[in-house]
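For reference, query.txt is printed below; it contains compact mmCIF, C-alpha atoms.
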```
# COMPACT_ATOMS: atom_id res chain seq x y z
CA MET A 30 116.25 94.16 50.47
CA THR A 31 117.08 97.82 50.43
CA ASP A 32 118.60 99.66 53.34
CA ASP A 33 115.32 101.52 53.99
CA VAL A 34 113.30 98.32 54.17
CA ARG A 35 115.94 96.71 56.39
CA ASN A 36 115.83 99.68 58.76
CA ILE A 37 112.03 99.52 58.93
CA VAL A 38 112.08 95.79 59.69
CA LEU A 39 114.75 96.21 62.36
CA GLY A 40 112.80 99.09 63.89
CA VAL A 41 109.61 97.03 64.04
CA MET A 42 111.49 94.11 65.59
CA ALA A 43 113.14 96.36 68.18
CA ALA A 44 109.78 97.92 69.06
CA GLY A 45 108.22 94.48 69.42
CA ILE A 46 111.03 93.22 71.65
CA SER A 47 110.85 96.37 73.81
CA ALA A 48 107.07 96.01 74.16
CA ALA A 49 107.41 92.34 75.12
CA LEU A 50 110.11 93.07 77.69
CA GLY A 51 108.03 95.90 79.12
CA TRP A 52 104.97 93.64 79.40
CA LEU A 53 107.00 90.89 81.05
CA SER A 54 108.52 93.36 83.49
CA ARG A 55 105.14 94.84 84.45
CA THR A 56 103.65 91.37 84.79
CA TYR A 57 106.50 90.24 87.05
CA LEU A 58 106.20 93.33 89.27
CA TRP A 59 102.41 92.97 89.46
CA ARG A 60 102.66 89.31 90.43
CA ARG A 61 105.31 90.02 93.05
CA LYS A 62 103.16 92.78 94.54
CA LEU A 63 100.14 90.46 94.53
CA ARG A 64 102.10 87.67 96.28
CA ARG A 65 103.22 90.10 98.99
CA LYS A 66 99.64 91.28 99.43
CA GLN A 67 98.35 87.71 99.62
CA ALA A 68 101.02 86.80 102.17
CA PHE A 69 100.28 89.78 104.42
CA PHE A 70 96.53 89.25 104.37
CA GLY A 71 96.84 85.46 104.61
CA LEU A 72 94.92 85.00 101.37
CA PRO A 73 96.56 82.64 98.86
CA ALA A 74 94.74 82.34 95.54
CA ASN A 75 91.48 80.35 95.80
CA SER A 76 91.72 80.18 99.59
CA GLU A 77 88.78 80.59 101.97
CA CYS A 78 88.47 83.20 104.71
CA LEU A 79 85.91 84.31 107.29
CA LEU A 80 84.28 87.71 107.73
CA VAL A 81 82.78 87.74 111.23
CA VAL A 82 80.36 90.61 111.69
CA ASN A 83 78.74 91.99 114.82
CA ARG A 84 75.15 93.05 115.40
CA ASP A 85 74.19 96.61 116.20
CA PRO A 86 72.95 96.50 119.83
CA GLY A 87 70.69 99.49 119.17
CA THR A 88 68.63 97.69 116.52
CA ASP A 89 66.71 94.47 116.14
CA GLY A 90 69.69 92.33 115.17
CA ALA A 91 70.67 94.41 112.14
CA VAL A 92 74.22 95.15 111.02
CA HIS A 93 75.16 98.81 111.34
CA ARG A 94 75.63 100.48 107.96
CA HIS A 95 79.23 101.48 108.79
CA ASP A 96 80.01 97.84 109.59
CA VAL A 97 78.52 96.93 106.21
CA PHE A 98 80.85 99.47 104.60
CA ALA A 99 83.77 97.89 106.48
CA LEU A 100 82.81 94.49 105.07
CA LEU A 101 82.67 95.97 101.58
CA GLU A 102 86.18 97.42 101.97
CA LEU A 103 87.48 94.03 103.07
CA SER A 104 85.52 92.09 100.44
CA ALA A 105 87.03 94.11 97.61
CA MET A 106 90.53 93.42 98.92
CA ILE A 107 89.77 89.70 99.32
CA LYS A 108 88.55 89.53 95.72
CA GLU A 109 91.73 91.25 94.49
CA CYS A 110 93.76 88.53 96.23
CA GLY A 111 91.79 85.85 94.40
CA ALA A 112 90.31 84.44 97.62
CA HIS A 113 86.75 83.70 98.71
CA ALA A 114 84.95 85.01 101.80
CA GLN A 115 82.26 83.49 103.99
CA ILE A 116 80.30 85.98 106.09
CA LEU A 117 79.23 84.76 109.52
CA SER A 118 77.37 86.43 112.35
CA HIS A 119 79.38 86.64 115.56
CA ASP A 120 76.99 84.30 117.39
CA THR A 121 77.27 81.54 114.76
CA ALA A 122 81.05 81.50 114.29
CA ARG A 123 81.74 78.62 116.67
CA GLN A 124 85.09 77.36 115.43
CA GLY A 125 88.77 77.69 116.15
CA PHE A 126 91.20 79.97 114.40
CA GLY A 127 94.35 79.40 112.40
CA GLU A 128 92.97 77.15 109.65
CA ARG A 129 91.37 80.00 107.72
CA THR A 130 92.17 83.69 107.73
CA GLU A 131 89.60 85.63 109.72
CA TYR A 132 88.51 89.26 109.78
CA CYS A 133 86.53 90.02 112.94
CA VAL A 134 84.65 93.34 112.99
CA GLY A 135 83.12 95.16 115.98
CA GLY A 136 83.66 95.68 119.69
CA PRO A 137 83.17 92.99 122.34
CA GLY A 138 79.85 94.48 123.42
CA SER A 139 78.25 93.53 120.10
CA ASN A 140 80.56 90.74 118.94
CA ARG A 141 80.98 87.68 121.14
CA ARG A 142 83.79 86.31 119.00
CA MET A 143 85.70 89.58 119.38
CA ALA A 144 85.29 89.27 123.15
CA ALA A 145 86.74 85.75 122.98
CA HIS A 146 89.65 86.88 120.81
CA LEU A 147 90.50 89.74 123.16
CA GLN A 148 90.44 87.43 126.15
CA SER A 149 92.59 84.78 124.46
CA LEU A 150 94.94 86.81 122.26
CA LEU A 151 95.01 90.34 123.74
CA PRO A 152 94.57 89.86 127.51
CA GLY A 153 95.99 93.33 128.21
CA VAL A 154 92.97 95.03 126.63
CA ARG A 155 89.80 95.93 128.49
CA VAL A 156 86.77 97.49 126.83
CA ASN A 157 83.90 99.01 128.79
CA THR A 158 80.75 97.28 127.55
CA ASP A 159 78.20 98.93 129.82
CA ARG A 160 74.81 99.26 128.17
CA GLU A 161 73.86 102.35 130.15
CA PRO A 162 75.17 105.72 128.91
CA GLY A 163 78.09 107.10 130.87
CA PRO A 164 81.48 108.79 130.50
CA ASP A 165 83.33 105.45 130.49
CA ARG A 166 81.07 103.63 128.07
CA ALA A 167 83.07 102.03 125.19
CA SER A 168 86.35 103.28 126.67
CA PHE A 169 89.57 101.30 126.19
CA ARG A 170 92.13 100.36 128.80
CA ILE A 171 95.34 98.98 127.31
CA GLY A 172 97.87 98.12 129.97
CA THR A 173 97.98 101.19 132.19
CA GLU A 174 96.65 103.62 129.58
CA TYR A 175 93.04 104.77 129.40
CA TYR A 176 91.32 105.91 126.19
CA PRO A 177 87.79 107.38 126.48
CA VAL A 178 85.52 108.13 123.57
CA GLU A 179 84.33 111.58 122.53
CA HIS A 180 81.46 110.83 120.17
CA GLY A 181 81.98 112.39 116.78
CA ALA A 182 85.15 114.19 117.88
CA LEU A 183 87.81 111.70 119.01
CA GLU A 184 87.31 107.95 118.87
CA HIS A 185 89.61 104.94 118.96
CA VAL A 186 89.90 101.58 117.26
CA LEU A 187 92.27 98.64 117.61
CA LEU A 188 93.68 97.15 114.42
CA ALA A 189 95.47 93.87 115.01
CA ARG A 190 97.02 91.07 112.99
CA LEU A 191 97.49 88.02 115.19
CA THR A 192 98.88 84.55 114.59
CA ILE A 193 99.43 81.51 116.79
CA GLY A 194 102.19 79.88 114.76
CA ARG A 195 104.17 80.10 111.54
CA GLU A 196 101.82 77.79 109.66
CA ALA A 197 98.60 79.28 111.05
CA ARG A 198 96.53 81.77 109.10
CA PRO A 199 96.21 85.22 110.70
CA VAL A 200 93.27 86.72 112.54
CA PHE A 201 92.60 90.40 111.89
CA LEU A 202 90.71 92.30 114.58
CA LEU A 203 88.94 95.61 113.90
CA CYS A 204 87.69 96.56 117.33
CA GLY A 205 86.31 100.09 117.49
CA GLN A 206 84.51 102.27 119.99
CA ARG A 207 81.83 103.01 117.36
CA ALA A 208 80.79 101.40 114.07
CA ILE A 209 82.33 104.20 112.03
CA THR A 210 85.71 103.47 113.60
CA ASN A 211 85.46 99.87 112.40
CA GLN A 212 85.07 101.18 108.86
CA ALA A 213 87.99 103.56 109.43
CA ALA A 214 90.18 100.64 110.52
CA ALA A 215 89.19 98.57 107.46
CA ARG A 216 89.98 101.47 105.15
CA HIS A 217 93.30 102.14 106.87
CA LEU A 218 94.26 98.47 106.64
CA VAL A 219 93.48 98.22 102.92
CA ARG A 220 95.11 101.52 102.01
CA ASN A 221 98.27 101.11 104.09
CA TYR A 222 99.00 97.40 103.85
CA GLU A 223 102.24 98.00 101.93
CA LYS A 224 103.64 100.17 104.73
CA LEU A 225 102.46 97.65 107.31
CA THR A 226 104.09 94.86 105.31
CA ARG A 227 107.43 96.67 105.26
CA THR A 228 107.21 97.26 109.02
CA TYR A 229 105.84 93.95 110.29
CA ARG A 230 106.11 91.51 107.37
CA ASP A 231 104.00 88.50 108.45
CA SER A 232 104.37 88.96 112.21
CA THR A 233 101.85 89.90 114.89
CA PHE A 234 101.00 93.52 115.61
CA CYS A 235 98.35 95.55 117.39
CA LEU A 236 97.92 99.23 116.57
CA LEU A 237 95.80 101.82 118.33
CA LEU A 238 94.27 104.26 115.86
CA LYS A 239 92.32 107.42 116.49
CA VAL A 240 89.54 108.68 114.26
CA VAL A 241 89.36 112.46 114.31
CA ASN A 242 86.11 114.39 113.91
CA SER A 243 84.11 111.61 112.31
CA GLU A 244 81.03 113.82 112.32
CA ALA A 245 82.71 116.03 109.70
CA TYR A 246 85.23 113.73 107.99
CA GLY A 247 83.65 110.30 108.33
CA PRO A 248 86.15 107.39 108.45
CA ASP A 249 88.92 109.17 106.50
CA MET A 250 90.83 111.09 109.20
CA VAL A 251 92.80 108.30 110.87
CA GLU A 252 96.05 108.60 112.80
CA VAL A 253 98.20 105.91 114.41
CA ILE A 254 98.58 106.66 118.12
CA ALA A 255 100.94 103.82 118.99
CA ASP A 256 101.99 100.24 118.48
CA VAL A 257 100.48 98.65 121.60
CA THR A 258 101.37 95.05 120.80
CA ARG A 259 103.39 94.41 123.94
CA ALA A 260 100.91 96.02 126.33
CA ALA A 261 97.92 94.37 124.64
CA ARG A 262 99.47 90.89 124.82
CA THR A 263 100.59 91.23 128.46
CA PRO A 264 97.87 90.04 130.88
CA LEU A 265 96.65 92.66 133.29
CA PRO A 266 97.30 92.11 137.02
CA ALA A 267 94.63 90.15 138.82
CA ALA A 268 93.80 93.20 140.90
CA ALA A 269 92.86 95.27 137.82
CA PRO A 270 89.25 96.52 138.02
CA ALA A 271 86.92 94.35 136.00
CA ALA A 272 83.43 95.36 137.11
CA ALA A 273 82.95 98.14 134.61
CA GLU A 274 85.69 97.18 132.17
CA THR A 275 85.33 93.69 130.84
CA THR A 276 85.88 91.89 127.61
CA ASP A 277 82.58 90.06 127.76
```
Take the structure in this file and express it as structure tokens.
Amino acid sequence: MTDDVRNIVLGVMAAGISAALGWLSRTYLWRRKLRRKQAFFGLPANSECLLVVNRDPGTDGAVHRHDVFALLELSAMIKECGAHAQILSHDTARQGFGERTEYCVGGPGSNRRMAAHLQSLLPGVRVNTDREPGPDRASFRIGTEYYPVEHGALEHVLLARLTIGREARPVFLLCGQRAITNQAAARHLVRNYEKLTRTYRDSTFCLLLKVVNSEAYGPDMVEVIADVTRAARTPLPAAAPAAAETTD
């Protein structure tokens, strides 16, 4: 074998080894990222989860199109994790939580299961569910803070990841003042899960988000107002007004 042939063979071997090491490295990093994503969302490969959807109170039992878009955002993420989703209407999801990961979409006025979750898991949150139009309709009260809604200009949504034990699967709540804010919360969750993972790992959190000028920007202009986990999980005093602001 001449020196030229030897050099060619060695070069091919080195290129092959480098390509193999690069592929192994990328595969390892991809799998590690996927495992972190699965852990945060509570979605091991081939696991089952629930998508609990509300009903638009302004229609004949239909799902609002922005809530459909929220489900699509979540469904794509669930598929990437290698899990399977079952979609249930809020009035048919009569089961406990913790056995399967759950994503609950919509405010308590249109989602009975959300109302139950707020009462059980976030007793410091009150949402005005009045049917009649008014300045306080759909407003939030979290602890001592009050958050009204300015339709199309400034709206709010709660994004929460809640667990009841180390072995229990999480419940994700996307509780918005309007349907478009539910979609905004779903998009924010999917796009920013890595940052949320670094901050909270697999622990409980409840964030208050604001959606700015949804009439012009849709669900894309989202800002985090505050981490309201402590206030949301602290029961309100018994004397707190509950006539206009209820979770049911």
Contacts of Phe98 in chain A at 12 Å (all atoms listed in the file; same-chain gap of 2+ positions) as a list in words: Val82, Val92, His93, Arg94, His95, Asp96, Leu100, Leu101, Glu102, Leu103, Ser104, Ala105, Val134, Ala208, Ile209, Thr210, Asn211, Gln212, Ala213, Ala214, Ala215, Arg216, Gly247 and Pro248 of chain A
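Using only C-alpha atoms, the nearest neighbour of Leu188 in chain A within the list A:Glu161, A:Glu252, A:Glu174, A:Glu244 is A:Glu252.
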CA of Thr263 in chain A to CA of Leu151 in chain A, straight-line distance in Å: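 According to the coordinates, CA of Leu151 in chain A and CA of Thr263 in chain A are separated by 7.4 Å.
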Gap from CA of Ala144 in chain A to CA of Pro177 in chain A - Å, one decimal: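 These two atoms are separated by 18.6 Å.
What separates CA of Cys235 in chain A from CA of Arg61 in chain A is a distance of 25.9 Å.
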Residue nearest Ala255 in chain A - candidates A:Val186, A:Ala74, A:Met143, A:Leu218, atoms counted: all atoms listed in the file: A:Val186
Nearest candidate to Arg259 in chain A (options A:Leu236, A:Met42, A:Val178, A:Val156; using all atoms listed in the file): A:Leu236
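Of the listed residues (A:Thr173, A:Cys204, A:Tyr222, A:Val154), A:Tyr222 comes nearest to Met106 in chain A; the distances count all atoms listed in the file.
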Residues within 12 Å of (94.8, 98.7, 120.2), counting only C-alpha atoms, listed as an MDAnalysis selection string: chainID A and resid 136 147 151:156 168:172 174:176 184:190 201:206 214 234:239 253:262
Selection: 12 Å around Arg123 in chain A, only C-alpha atoms, excl. self and same-chain fewer than 6 positions, as a list in words: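 The residues that qualify are Leu79, Val81, Leu117, Arg141, Arg142, Met143 and Ala145 of chain A.
Nearest to Gln148 in chain A of all the residues A:Phe70, A:Glu223, A:Glu109, A:Leu265 is A:Leu265, counting only C-alpha atoms.
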Please, which residues in range 87-175 of chain A fall within 9 Å of range 66-69 of chain A when counting all atoms listed in the file, and what is the closest atom pair and distance in Å to one decimal for each, ordered by chain then residue number, as CSV?
```
residue,atom,partner,partner_atom,distance
A:Ile107,CA,A:Gln67,CA,8.8
A:Cys110,CA,A:Gln67,CA,5.8
A:Gly111,CA,A:Gln67,CA,8.6
A:Ala112,CA,A:Gln67,CA,8.9
```
Among the residues A:His146, A:Arg198, A:Lys62, A:Lys108, the one that comes closest to Thr226 in chain A [using all atoms listed in the file]: A:Lys62
Axis-aligned box for range 230-233 of chain A, 3 Å per side, centre and edges in Å as JSON:
```
{"center_x": 104.0, "center_y": 90.0, "center_z": 111.1, "size_x": 10.3, "size_y": 9.0, "size_z": 13.5}
```
Contacts of Tyr246 in chain A within 10 Å, all atoms listed in the file, excl. fewer than 6 positions in-chain, as a VMD selection string: chain A and resid 181 to 182 240
